[in-house]
Amino acid sequence: MIRLERVGKRYGRGPWVLQDVDLTFEPGELTVIAGGNGSGKSTLLRIIAGVTSPSGGRVKGRPRSVGYLPERFPAGLRLSAKAYLRHMSAVRGSTGADVLDALGFRGDPDAPISTLSKGNTQKVAIAQAFLAKDLLVLDEPWTGLDTGASAVLAELVTAAEATVLVTDHRGTARALPDAHEVVMQGPAAATGVAIELVQVSDLTTTVIGDWDGVRVLSASDGRLSLLVETAVSDRVLADALRMGCSVKSVRT
Amino acid sequence: MTALVRYLAVDLLRSQRYLPPLLLHCAVLGMMFSGDAGEALFAYAGSCALVYPVAAWLGVVVATTEDPTQRAVTAVTAGGWGRVASAQALLGALGTVVLAVLATLWPVFTNPHPYTAGVVGLGFAAHLVCGLTGLAVGMLCSRPVIVRTGPSLLAVVAVVALTYKAGRGTPVGAMLGGLAQQDLAALPFAAGAAVLLVVVAAAVAWRLGPRRA
């Protein structure tokens with residue numbers, strides 16, 4: 001089981017792209033990560049795959065054999081499709097399925113990947129990810145695929161024995177059987193006033209969470225972190241103080 | 001690890017980015033040893049001073065041949081950034097050995113002074129020390145430590161220039177001074193320091209890789 005505990009990410013001193021994400025993924029499960037542009041889907045996948053380390057929290061139970069398909073696979077690879085996949089298999093030692101032919105690869109397998117069409121490059125990219133056996137992290141894998149290849153990929157994703165995490169803005173993945181869905185809200189997409197309260201009782205947490213214009217970012221041990229719409233922020237602060245909470249910080 | 005080094009090597013050969021530093025190396029060696037370059041060990045001081053910046057360039061090349069996204073895919077495939085950083089350091093070390101062999105053997109054929117096996121061995125070791133130090137400098141001055149090309153280049157040039165100024169305090173300075181005075185007592189210490197620098201450079205790439213990705 002892969003477990004994310006209060007995972008957060010920010011680049012340098014910039015805004016938090018992800019904050020307090022708690023998720024678990026059972027072995028063999030297919031999960032679709034949904035959410036709008038900038039909600040942190042790609043960042044979440046990069047953290048789970050181990051490409052980038054979280055700025056806060058941690059990822060537990062990441063299996064040994066992980067395959068990662070980036071949102072934009074580099075177009076300038078100098079090796080041929082055949083050589084690249086052969087090397088990637090060799091690096092892994094033991095590998096999963098070879099899905100390149102199943103996806104209907106039509107290019108020259110001995111030509112540099114940089115000379116292939118976008119669709120064929122994407123097929124090579126998918127094929128290298130599917131060499132992994134335990135966890136497949138696929139960021140927008142349907143990009144650039146024709147109808148036939150899309151259907152094949154849908155079957156491969158459903159039939160995979162590995163744990164599969166996938167983002168897909170077109171909605172193909174959501175319709176797959178047994179697909180779980182995680183919707184990312186993303187602090188990047190939200191605006192308002194961030195209020196941190198301390199000395200908050202459990203009852204108060206529930207009450208404040210129900211107020212209009214208030215979103216609870218995290219709540220634990222008497223601490224409550226809120227994102228409040230600007231229009232109601234003064235009233236929320238005043239009411240929270242009246243209820244005995246103490247204000248730790250207010251940021252716009 | 002062998003498969004990973006082989007993959008990085010094939011990618012490097014395909015990219016042909018190793019060519020400019022290699023050609024520079026051969027061109028300067030050719031000029032340096034075109035006539036009488038002086039007594040054997042003394043002549044090696046010149047090529048040691050050359051192999052240092054050339055290996056630094058090679059260090060930058062092995063760190064940046066793969067596009068950042070491609071490097072991320074490779075890191076996941078290899079099972080972590082640590083393995084890619086180690087493989088990159090190993091590949092750089094192999095390249096450094098090639099540079100050192102070239103620089104050590106070249107004058108044996110062109111320089112009219114006598115070369116004994118002992119002198120050639122010492123010369124090879126001195127070239128390796130300077131080359132590995134350069135490799136570490138190159139790796140520490142490029143991705144993931146310094147991401148942009150311009151600042152990366154400036155940093156390498158600055159560090160190399162400062163090393164020549166620093167005198168005997170660095171492995172390179174110790175070798176250059178030792179060769180000029182025909183006394184290589186500092187060789188074991190300098191070799192240890194050079195290897196340590198490469199290990200540190202790989203460790204830095206391992207720790208910083210996932211943070212800067």
# chains A, B, ... in the order shown; residues from 1 in each chain; ligands from 1
>>> residues_around(residues="Val51 in chain B", least_positions_apart="5", cutoff="9 Å", atoms="only C-alpha atoms", output="VMD selection string")
chain B and resid 25 46 56 96 99 to 100 103 127 to 128 130 to 131 134
>>> closest_atom_pairs(of="range 104-155 of chain A", to="range 44-55 of chain A", cutoff="8 Å", atoms="only C-alpha atoms", output="tab-separated table")
residue	atom	partner	partner_atom	distance
A:Val137	CA	A:Ala49	CA	6.3
A:Leu138	CA	A:Leu45	CA	7.9
A:Asp139	CA	A:Leu45	CA	7.2
>>> closest_atom_pairs(of="chain A", to="chain B", cutoff="9 Å", atoms="only C-alpha atoms", output="JSON lines")
{"residue": "A:Tyr11", "atom": "CA", "partner": "B:Arg212", "partner_atom": "CA", "distance": 8.3}
{"residue": "A:Arg46", "atom": "CA", "partner": "B:Ala213", "partner_atom": "CA", "distance": 8.9}
{"residue": "A:Ile47", "atom": "CA", "partner": "B:Pro210", "partner_atom": "CA", "distance": 9.0}
{"residue": "A:Ala49", "atom": "CA", "partner": "B:Val76", "partner_atom": "CA", "distance": 6.8}
{"residue": "A:Gly50", "atom": "CA", "partner": "B:Val76", "partner_atom": "CA", "distance": 6.6}
{"residue": "A:Val51", "atom": "CA", "partner": "B:Pro210", "partner_atom": "CA", "distance": 5.7}
{"residue": "A:Thr52", "atom": "CA", "partner": "B:Pro210", "partner_atom": "CA", "distance": 4.2}
{"residue": "A:Ser53", "atom": "CA", "partner": "B:Pro210", "partner_atom": "CA", "distance": 5.2}
{"residue": "A:Pro54", "atom": "CA", "partner": "B:Arg211", "partner_atom": "CA", "distance": 7.9}
{"residue": "A:Ser55", "atom": "CA", "partner": "B:Arg211", "partner_atom": "CA", "distance": 8.3}
{"residue": "A:Arg64", "atom": "CA", "partner": "B:Gly79", "partner_atom": "CA", "distance": 6.8}
{"residue": "A:Ser65", "atom": "CA", "partner": "B:Gly79", "partner_atom": "CA", "distance": 7.1}
{"residue": "A:Val66", "atom": "CA", "partner": "B:Val76", "partner_atom": "CA", "distance": 6.3}
{"residue": "A:Gly67", "atom": "CA", "partner": "B:Thr77", "partner_atom": "CA", "distance": 6.3}
{"residue": "A:Tyr68", "atom": "CA", "partner": "B:Val73", "partner_atom": "CA", "distance": 6.1}
{"residue": "A:Leu69", "atom": "CA", "partner": "B:Val73", "partner_atom": "CA", "distance": 7.3}
{"residue": "A:Pro70", "atom": "CA", "partner": "B:Thr69", "partner_atom": "CA", "distance": 7.3}
{"residue": "A:Arg72", "atom": "CA", "partner": "B:Thr69", "partner_atom": "CA", "distance": 8.1}
{"residue": "A:Phe73", "atom": "CA", "partner": "B:Thr69", "partner_atom": "CA", "distance": 7.1}
{"residue": "A:Pro74", "atom": "CA", "partner": "B:Gln70", "partner_atom": "CA", "distance": 6.2}
{"residue": "A:Gly76", "atom": "CA", "partner": "B:Asp67", "partner_atom": "CA", "distance": 8.3}
{"residue": "A:Leu77", "atom": "CA", "partner": "B:Gln70", "partner_atom": "CA", "distance": 8.1}
{"residue": "A:Arg78", "atom": "CA", "partner": "B:Arg14", "partner_atom": "CA", "distance": 6.3}
{"residue": "A:Leu79", "atom": "CA", "partner": "B:Asp11", "partner_atom": "CA", "distance": 6.8}
{"residue": "A:Tyr84", "atom": "CA", "partner": "B:Tyr7", "partner_atom": "CA", "distance": 8.3}
{"residue": "A:His87", "atom": "CA", "partner": "B:Tyr7", "partner_atom": "CA", "distance": 5.8}
{"residue": "A:Met88", "atom": "CA", "partner": "B:Thr77", "partner_atom": "CA", "distance": 7.0}
{"residue": "A:Ser89", "atom": "CA", "partner": "B:Thr77", "partner_atom": "CA", "distance": 8.8}
{"residue": "A:Ala90", "atom": "CA", "partner": "B:Ala3", "partner_atom": "CA", "distance": 5.7}
{"residue": "A:Val91", "atom": "CA", "partner": "B:Ala3", "partner_atom": "CA", "distance": 5.1}
{"residue": "A:Arg92", "atom": "CA", "partner": "B:Ala78", "partner_atom": "CA", "distance": 6.4}
{"residue": "A:Gly93", "atom": "CA", "partner": "B:Ala3", "partner_atom": "CA", "distance": 8.5}
{"residue": "A:Gln128", "atom": "CA", "partner": "B:Thr77", "partner_atom": "CA", "distance": 8.7}
{"residue": "A:Ala129", "atom": "CA", "partner": "B:Thr77", "partner_atom": "CA", "distance": 8.2}
{"residue": "A:Leu131", "atom": "CA", "partner": "B:Thr77", "partner_atom": "CA", "distance": 8.8}
{"residue": "A:Ala132", "atom": "CA", "partner": "B:Thr77", "partner_atom": "CA", "distance": 7.8}
>>> write_last_selection(atoms="N, CA and C atoms", output="CSV table (one decimal), in the first residue's frame")
chain,number,residue,atom,x,y,z
A,11,TYR,N,7.8,25.3,-4.6
A,11,TYR,CA,9.1,25.4,-5.3
A,11,TYR,C,9.8,26.7,-4.7
A,46,ARG,N,4.4,13.4,-9.7
A,46,ARG,CA,5.9,13.4,-9.7
A,46,ARG,C,6.4,13.0,-8.3
A,47,ILE,N,5.6,13.5,-7.2
A,47,ILE,CA,6.0,13.1,-5.9
A,47,ILE,C,5.9,11.6,-5.6
A,49,ALA,N,5.9,9.2,-7.8
A,49,ALA,CA,6.8,8.4,-8.6
A,49,ALA,C,8.2,8.6,-8.1
A,50,GLY,N,8.5,9.6,-7.2
A,50,GLY,CA,9.8,9.7,-6.7
A,50,GLY,C,10.7,10.6,-7.5
A,51,VAL,N,10.1,11.3,-8.5
A,51,VAL,CA,10.9,12.3,-9.3
A,51,VAL,C,11.3,13.5,-8.5
A,52,THR,N,10.3,14.0,-7.7
A,52,THR,CA,10.6,15.2,-6.9
A,52,THR,C,10.2,14.9,-5.4
A,53,SER,N,11.0,15.5,-4.5
A,53,SER,CA,10.7,15.2,-3.1
A,53,SER,C,9.7,16.2,-2.6
A,54,PRO,N,8.8,15.7,-1.7
A,54,PRO,CA,7.8,16.7,-1.1
A,54,PRO,C,8.5,17.7,-0.2
A,55,SER,N,8.0,18.9,-0.1
A,55,SER,CA,8.6,19.9,0.8
A,55,SER,C,8.1,19.7,2.2
A,64,ARG,N,9.2,-1.1,-5.4
A,64,ARG,CA,10.6,-1.1,-6.0
A,64,ARG,C,10.5,-0.7,-7.5
A,65,SER,N,9.6,-1.3,-8.2
A,65,SER,CA,9.6,-1.2,-9.7
A,65,SER,C,8.5,-0.1,-10.1
A,66,VAL,N,9.0,1.1,-10.4
A,66,VAL,CA,8.0,2.2,-10.7
A,66,VAL,C,8.2,2.6,-12.1
A,67,GLY,N,7.1,2.8,-12.8
A,67,GLY,CA,7.2,3.4,-14.2
A,67,GLY,C,6.6,4.8,-14.2
A,68,TYR,N,7.2,5.7,-14.9
A,68,TYR,CA,6.7,7.1,-14.9
A,68,TYR,C,6.6,7.6,-16.3
A,69,LEU,N,5.5,8.1,-16.6
A,69,LEU,CA,5.2,8.7,-17.9
A,69,LEU,C,5.0,10.2,-17.7
A,70,PRO,N,6.0,11.1,-18.0
A,70,PRO,CA,5.8,12.5,-17.8
A,70,PRO,C,4.7,13.1,-18.7
A,72,ARG,N,4.8,15.6,-20.6
A,72,ARG,CA,5.4,15.9,-21.9
A,72,ARG,C,6.6,15.1,-22.0
A,73,PHE,N,6.6,13.9,-22.6
A,73,PHE,CA,7.8,13.1,-22.8
A,73,PHE,C,8.7,13.9,-23.8
A,74,PRO,N,10.0,14.0,-23.4
A,74,PRO,CA,10.9,14.7,-24.2
A,74,PRO,C,11.0,14.3,-25.7
A,76,GLY,N,13.2,15.0,-28.0
A,76,GLY,CA,14.5,15.0,-28.6
A,76,GLY,C,15.4,13.8,-28.3
A,77,LEU,N,14.8,12.7,-27.9
A,77,LEU,CA,15.6,11.5,-27.6
A,77,LEU,C,16.4,11.1,-28.8
A,78,ARG,N,17.7,10.8,-28.6
A,78,ARG,CA,18.6,10.5,-29.7
A,78,ARG,C,18.6,9.0,-30.1
A,79,LEU,N,18.3,8.1,-29.0
A,79,LEU,CA,18.3,6.7,-29.3
A,79,LEU,C,17.1,6.3,-30.1
A,84,TYR,N,16.2,2.4,-27.0
A,84,TYR,CA,15.8,3.0,-25.8
A,84,TYR,C,15.1,2.0,-24.9
A,87,HIS,N,17.5,-0.6,-23.5
A,87,HIS,CA,18.3,-0.1,-22.4
A,87,HIS,C,17.5,0.0,-21.1
A,88,MET,N,16.3,0.5,-21.3
A,88,MET,CA,15.4,0.7,-20.1
A,88,MET,C,15.1,-0.6,-19.4
A,89,SER,N,14.9,-1.7,-20.3
A,89,SER,CA,14.7,-3.0,-19.7
A,89,SER,C,15.9,-3.5,-19.0
A,90,ALA,N,17.1,-3.2,-19.6
A,90,ALA,CA,18.3,-3.7,-19.0
A,90,ALA,C,18.6,-3.0,-17.7
A,91,VAL,N,18.2,-1.7,-17.6
A,91,VAL,CA,18.4,-1.0,-16.4
A,91,VAL,C,17.5,-1.5,-15.3
A,92,ARG,N,16.3,-1.9,-15.6
A,92,ARG,CA,15.4,-2.5,-14.7
A,92,ARG,C,15.8,-3.9,-14.2
A,93,GLY,N,16.5,-4.6,-15.1
A,93,GLY,CA,16.8,-6.0,-14.8
A,93,GLY,C,15.6,-6.9,-15.2
A,128,GLN,N,7.8,2.5,-22.2
A,128,GLN,CA,8.9,2.4,-21.2
A,128,GLN,C,8.3,2.4,-19.8
A,129,ALA,N,7.1,3.1,-19.6
A,129,ALA,CA,6.5,3.1,-18.3
A,129,ALA,C,6.0,1.7,-17.9
A,131,LEU,N,7.1,-1.0,-18.6
A,131,LEU,CA,8.2,-2.0,-18.2
A,131,LEU,C,8.2,-2.2,-16.7
A,132,ALA,N,7.6,-1.3,-16.0
A,132,ALA,CA,7.6,-1.4,-14.5
A,132,ALA,C,6.6,-2.4,-14.1
>>> residues_around(residues="Gly169 in chain B", least_positions_apart="4", cutoff="12 Å", atoms="only C-alpha atoms", output="ChimeraX atom specification")
/B:162-165,173-178,186,189-190,193
>>> write_last_selection(atoms="N, CA and C atoms", output="short mmCIF file (atom, residue, chain, number, x, y, z; two decimals), in the first residue's frame")
data_model
loop_
_atom_site.label_atom_id
_atom_site.label_comp_id
_atom_site.auth_asym_id
_atom_site.auth_seq_id
_atom_site.Cartn_x
_atom_site.Cartn_y
_atom_site.Cartn_z
N LEU B 162 40.52 29.93 -10.08
CA LEU B 162 40.89 30.03 -8.66
C LEU B 162 41.81 28.88 -8.24
N THR B 163 41.56 27.69 -8.82
CA THR B 163 42.39 26.54 -8.45
C THR B 163 43.85 26.80 -8.84
N TYR B 164 44.05 27.37 -10.04
CA TYR B 164 45.43 27.64 -10.46
C TYR B 164 46.08 28.67 -9.54
N LYS B 165 45.23 29.61 -9.03
CA LYS B 165 45.76 30.65 -8.14
C LYS B 165 46.05 30.09 -6.75
N GLY B 173 46.89 21.58 -7.69
CA GLY B 173 48.08 22.37 -7.37
C GLY B 173 49.20 21.48 -6.85
N ALA B 174 48.83 20.50 -6.01
CA ALA B 174 49.83 19.59 -5.45
C ALA B 174 50.51 18.80 -6.56
N MET B 175 49.73 18.36 -7.55
CA MET B 175 50.30 17.58 -8.65
C MET B 175 51.18 18.45 -9.54
N LEU B 176 50.69 19.66 -9.88
CA LEU B 176 51.47 20.53 -10.77
C LEU B 176 52.79 20.90 -10.12
N GLY B 177 52.74 21.29 -8.84
CA GLY B 177 53.96 21.64 -8.12
C GLY B 177 54.89 20.45 -8.00
N GLY B 178 54.32 19.30 -7.67
CA GLY B 178 55.11 18.08 -7.50
C GLY B 178 55.83 17.68 -8.77
N ALA B 186 53.11 13.91 -2.48
CA ALA B 186 51.72 14.26 -2.14
C ALA B 186 50.70 13.43 -2.91
N PHE B 189 47.79 11.40 -1.01
CA PHE B 189 46.85 12.33 -0.38
C PHE B 189 45.97 13.02 -1.42
N ALA B 190 46.62 13.51 -2.50
CA ALA B 190 45.88 14.20 -3.55
C ALA B 190 44.89 13.25 -4.23
N ALA B 193 41.90 12.83 -2.04
CA ALA B 193 41.07 14.03 -2.06
C ALA B 193 40.27 14.11 -3.35
#
>>> residues_around(residues="range 105-121 of chain A", least_positions_apart="4", cutoff="8 Å", atoms="only C-alpha atoms", output="PyMOL selection string")
chain A and resi 73+75-83+100-101+125+143-146
>>> atom_distance(atom1="CA of Asp134 in chain A", atom2="CA of Thr163 in chain A")
6.2 Å
>>> select_by_dssp(residues="range 131-160 of chain B", states="alpha helix (DSSP H)", output="list in words")
Gly131, Leu132, Thr133, Gly134, Leu135, Ala136, Val137, Gly138, Met139, Leu140, Thr149, Gly150, Pro151, Ser152, Leu153, Leu154, Ala155, Val156, Val157, Ala158, Val159 and Val160 of chain B
>>> write_last_selection(atoms="N, CA and C atoms", output="PDB file, in the first residue's frame")
ATOM      1  N   GLY B 131      42.295  15.036 -13.399  1.00  0.00           N
ATOM      2  CA  GLY B 131      41.071  14.794 -14.162  1.00  0.00           C
ATOM      3  C   GLY B 131      39.877  14.577 -13.247  1.00  0.00           C
ATOM      4  N   LEU B 132      40.044  13.756 -12.214  1.00  0.00           N
ATOM      5  CA  LEU B 132      38.917  13.486 -11.315  1.00  0.00           C
ATOM      6  C   LEU B 132      38.508  14.745 -10.558  1.00  0.00           C
ATOM      7  N   THR B 133      39.507  15.559 -10.186  1.00  0.00           N
ATOM      8  CA  THR B 133      39.168  16.825  -9.531  1.00  0.00           C
ATOM      9  C   THR B 133      38.338  17.692 -10.482  1.00  0.00           C
ATOM     10  N   GLY B 134      38.773  17.744 -11.746  1.00  0.00           N
ATOM     11  CA  GLY B 134      38.014  18.509 -12.738  1.00  0.00           C
ATOM     12  C   GLY B 134      36.602  17.968 -12.907  1.00  0.00           C
ATOM     13  N   LEU B 135      36.488  16.645 -12.957  1.00  0.00           N
ATOM     14  CA  LEU B 135      35.172  16.018 -13.108  1.00  0.00           C
ATOM     15  C   LEU B 135      34.239  16.455 -11.982  1.00  0.00           C
ATOM     16  N   ALA B 136      34.768  16.433 -10.750  1.00  0.00           N
ATOM     17  CA  ALA B 136      33.953  16.831  -9.595  1.00  0.00           C
ATOM     18  C   ALA B 136      33.537  18.294  -9.719  1.00  0.00           C
ATOM     19  N   VAL B 137      34.479  19.158 -10.148  1.00  0.00           N
ATOM     20  CA  VAL B 137      34.165  20.584 -10.315  1.00  0.00           C
ATOM     21  C   VAL B 137      33.048  20.750 -11.343  1.00  0.00           C
ATOM     22  N   GLY B 138      33.168  20.026 -12.475  1.00  0.00           N
ATOM     23  CA  GLY B 138      32.145  20.120 -13.518  1.00  0.00           C
ATOM     24  C   GLY B 138      30.780  19.676 -13.019  1.00  0.00           C
ATOM     25  N   MET B 139      30.751  18.559 -12.286  1.00  0.00           N
ATOM     26  CA  MET B 139      29.464  18.065 -11.786  1.00  0.00           C
ATOM     27  C   MET B 139      28.865  19.013 -10.751  1.00  0.00           C
ATOM     28  N   LEU B 140      29.745  19.603  -9.915  1.00  0.00           N
ATOM     29  CA  LEU B 140      29.234  20.498  -8.869  1.00  0.00           C
ATOM     30  C   LEU B 140      28.781  21.846  -9.428  1.00  0.00           C
ATOM     31  N   THR B 149      22.683  27.315 -18.062  1.00  0.00           N
ATOM     32  CA  THR B 149      23.944  27.088 -18.751  1.00  0.00           C
ATOM     33  C   THR B 149      24.966  28.199 -18.516  1.00  0.00           C
ATOM     34  N   GLY B 150      24.514  29.454 -18.625  1.00  0.00           N
ATOM     35  CA  GLY B 150      25.443  30.589 -18.490  1.00  0.00           C
ATOM     36  C   GLY B 150      26.153  30.596 -17.144  1.00  0.00           C
ATOM     37  N   PRO B 151      25.389  30.677 -16.051  1.00  0.00           N
ATOM     38  CA  PRO B 151      26.010  30.663 -14.723  1.00  0.00           C
ATOM     39  C   PRO B 151      26.864  29.414 -14.500  1.00  0.00           C
ATOM     40  N   SER B 152      26.432  28.284 -15.068  1.00  0.00           N
ATOM     41  CA  SER B 152      27.173  27.042 -14.924  1.00  0.00           C
ATOM     42  C   SER B 152      28.570  27.177 -15.529  1.00  0.00           C
ATOM     43  N   LEU B 153      28.619  27.729 -16.738  1.00  0.00           N
ATOM     44  CA  LEU B 153      29.895  27.931 -17.432  1.00  0.00           C
ATOM     45  C   LEU B 153      30.790  28.889 -16.657  1.00  0.00           C
ATOM     46  N   LEU B 154      30.183  30.010 -16.203  1.00  0.00           N
ATOM     47  CA  LEU B 154      30.954  30.994 -15.438  1.00  0.00           C
ATOM     48  C   LEU B 154      31.538  30.365 -14.180  1.00  0.00           C
ATOM     49  N   ALA B 155      30.736  29.538 -13.504  1.00  0.00           N
ATOM     50  CA  ALA B 155      31.190  28.921 -12.259  1.00  0.00           C
ATOM     51  C   ALA B 155      32.388  28.004 -12.528  1.00  0.00           C
ATOM     52  N   VAL B 156      32.297  27.193 -13.605  1.00  0.00           N
ATOM     53  CA  VAL B 156      33.415  26.296 -13.922  1.00  0.00           C
ATOM     54  C   VAL B 156      34.684  27.102 -14.188  1.00  0.00           C
ATOM     55  N   VAL B 157      34.551  28.141 -15.020  1.00  0.00           N
ATOM     56  CA  VAL B 157      35.729  28.951 -15.364  1.00  0.00           C
ATOM     57  C   VAL B 157      36.313  29.589 -14.103  1.00  0.00           C
ATOM     58  N   ALA B 158      35.427  30.105 -13.238  1.00  0.00           N
ATOM     59  CA  ALA B 158      35.891  30.770 -12.017  1.00  0.00           C
ATOM     60  C   ALA B 158      36.621  29.777 -11.108  1.00  0.00           C
ATOM     61  N   VAL B 159      36.032  28.601 -10.918  1.00  0.00           N
ATOM     62  CA  VAL B 159      36.652  27.616 -10.016  1.00  0.00           C
ATOM     63  C   VAL B 159      38.002  27.171 -10.576  1.00  0.00           C
ATOM     64  N   VAL B 160      38.062  26.933 -11.885  1.00  0.00           N
ATOM     65  CA  VAL B 160      39.322  26.486 -12.502  1.00  0.00           C
ATOM     66  C   VAL B 160      40.393  27.573 -12.334  1.00  0.00           C
TER      67      VAL B 160
END
>>> closest_residue(among="B:Ala49, B:Met31, B:Ala89, B:Val129", to="Gly192 in chain B", atoms="only C-alpha atoms")
B:Val129
>>> residues_around(residues="Ala194 in chain A", least_positions_apart="5", cutoff="7 Å", atoms="only C-alpha atoms", output="list in words")
Leu226, Leu227, Val228, Val250, Arg251 and Thr252 of chain A
>>> write_last_selection(atoms="all heavy atoms", output="PDB file, in the first residue's frame")
ATOM      1  N   LEU A 226      -7.446  27.426   7.739  1.00  0.00           N
ATOM      2  CA  LEU A 226      -8.616  27.700   6.895  1.00  0.00           C
ATOM      3  C   LEU A 226      -8.234  28.543   5.683  1.00  0.00           C
ATOM      4  O   LEU A 226      -7.284  29.327   5.735  1.00  0.00           O
ATOM      5  CB  LEU A 226      -9.660  28.499   7.681  1.00  0.00           C
ATOM      6  CG  LEU A 226     -10.183  27.922   8.981  1.00  0.00           C
ATOM      7  CD1 LEU A 226     -11.034  28.967   9.675  1.00  0.00           C
ATOM      8  CD2 LEU A 226     -10.994  26.673   8.711  1.00  0.00           C
ATOM      9  N   LEU A 227      -9.006  28.385   4.624  1.00  0.00           N
ATOM     10  CA  LEU A 227      -8.944  29.329   3.520  1.00  0.00           C
ATOM     11  C   LEU A 227     -10.329  29.956   3.416  1.00  0.00           C
ATOM     12  O   LEU A 227     -11.318  29.254   3.199  1.00  0.00           O
ATOM     13  CB  LEU A 227      -8.566  28.604   2.226  1.00  0.00           C
ATOM     14  CG  LEU A 227      -8.211  29.541   1.081  1.00  0.00           C
ATOM     15  CD1 LEU A 227      -6.893  30.249   1.394  1.00  0.00           C
ATOM     16  CD2 LEU A 227      -8.087  28.791  -0.214  1.00  0.00           C
ATOM     17  N   VAL A 228     -10.385  31.264   3.611  1.00  0.00           N
ATOM     18  CA  VAL A 228     -11.673  31.942   3.758  1.00  0.00           C
ATOM     19  C   VAL A 228     -11.844  32.960   2.641  1.00  0.00           C
ATOM     20  O   VAL A 228     -10.897  33.674   2.291  1.00  0.00           O
ATOM     21  CB  VAL A 228     -11.730  32.654   5.131  1.00  0.00           C
ATOM     22  CG1 VAL A 228     -13.077  33.324   5.317  1.00  0.00           C
ATOM     23  CG2 VAL A 228     -11.468  31.665   6.242  1.00  0.00           C
ATOM     24  N   VAL A 250      -2.679  35.331   9.903  1.00  0.00           N
ATOM     25  CA  VAL A 250      -3.637  35.676   8.847  1.00  0.00           C
ATOM     26  C   VAL A 250      -2.826  36.110   7.637  1.00  0.00           C
ATOM     27  O   VAL A 250      -1.962  36.983   7.742  1.00  0.00           O
ATOM     28  CB  VAL A 250      -4.565  36.831   9.289  1.00  0.00           C
ATOM     29  CG1 VAL A 250      -5.508  37.202   8.160  1.00  0.00           C
ATOM     30  CG2 VAL A 250      -5.349  36.456  10.529  1.00  0.00           C
ATOM     31  N   ARG A 251      -3.034  35.455   6.506  1.00  0.00           N
ATOM     32  CA  ARG A 251      -2.303  35.824   5.292  1.00  0.00           C
ATOM     33  C   ARG A 251      -3.277  36.003   4.142  1.00  0.00           C
ATOM     34  O   ARG A 251      -4.254  35.270   4.053  1.00  0.00           O
ATOM     35  CB  ARG A 251      -1.291  34.731   4.924  1.00  0.00           C
ATOM     36  CG  ARG A 251      -0.003  34.788   5.714  1.00  0.00           C
ATOM     37  CD  ARG A 251       0.888  33.609   5.400  1.00  0.00           C
ATOM     38  NE  ARG A 251       0.272  32.368   5.828  1.00  0.00           N
ATOM     39  CZ  ARG A 251       0.123  31.318   5.044  1.00  0.00           C
ATOM     40  NH1 ARG A 251       0.533  31.362   3.800  1.00  0.00           N
ATOM     41  NH2 ARG A 251      -0.433  30.218   5.500  1.00  0.00           N
ATOM     42  N   THR A 252      -2.998  36.972   3.288  1.00  0.00           N
ATOM     43  CA  THR A 252      -3.858  37.144   2.114  1.00  0.00           C
ATOM     44  C   THR A 252      -3.140  36.609   0.903  1.00  0.00           C
ATOM     45  O   THR A 252      -1.926  36.522   0.893  1.00  0.00           O
ATOM     46  CB  THR A 252      -4.191  38.621   1.870  1.00  0.00           C
ATOM     47  OG1 THR A 252      -2.979  39.342   1.833  1.00  0.00           O
ATOM     48  CG2 THR A 252      -5.092  39.142   2.957  1.00  0.00           C
TER      49      THR A 252
END
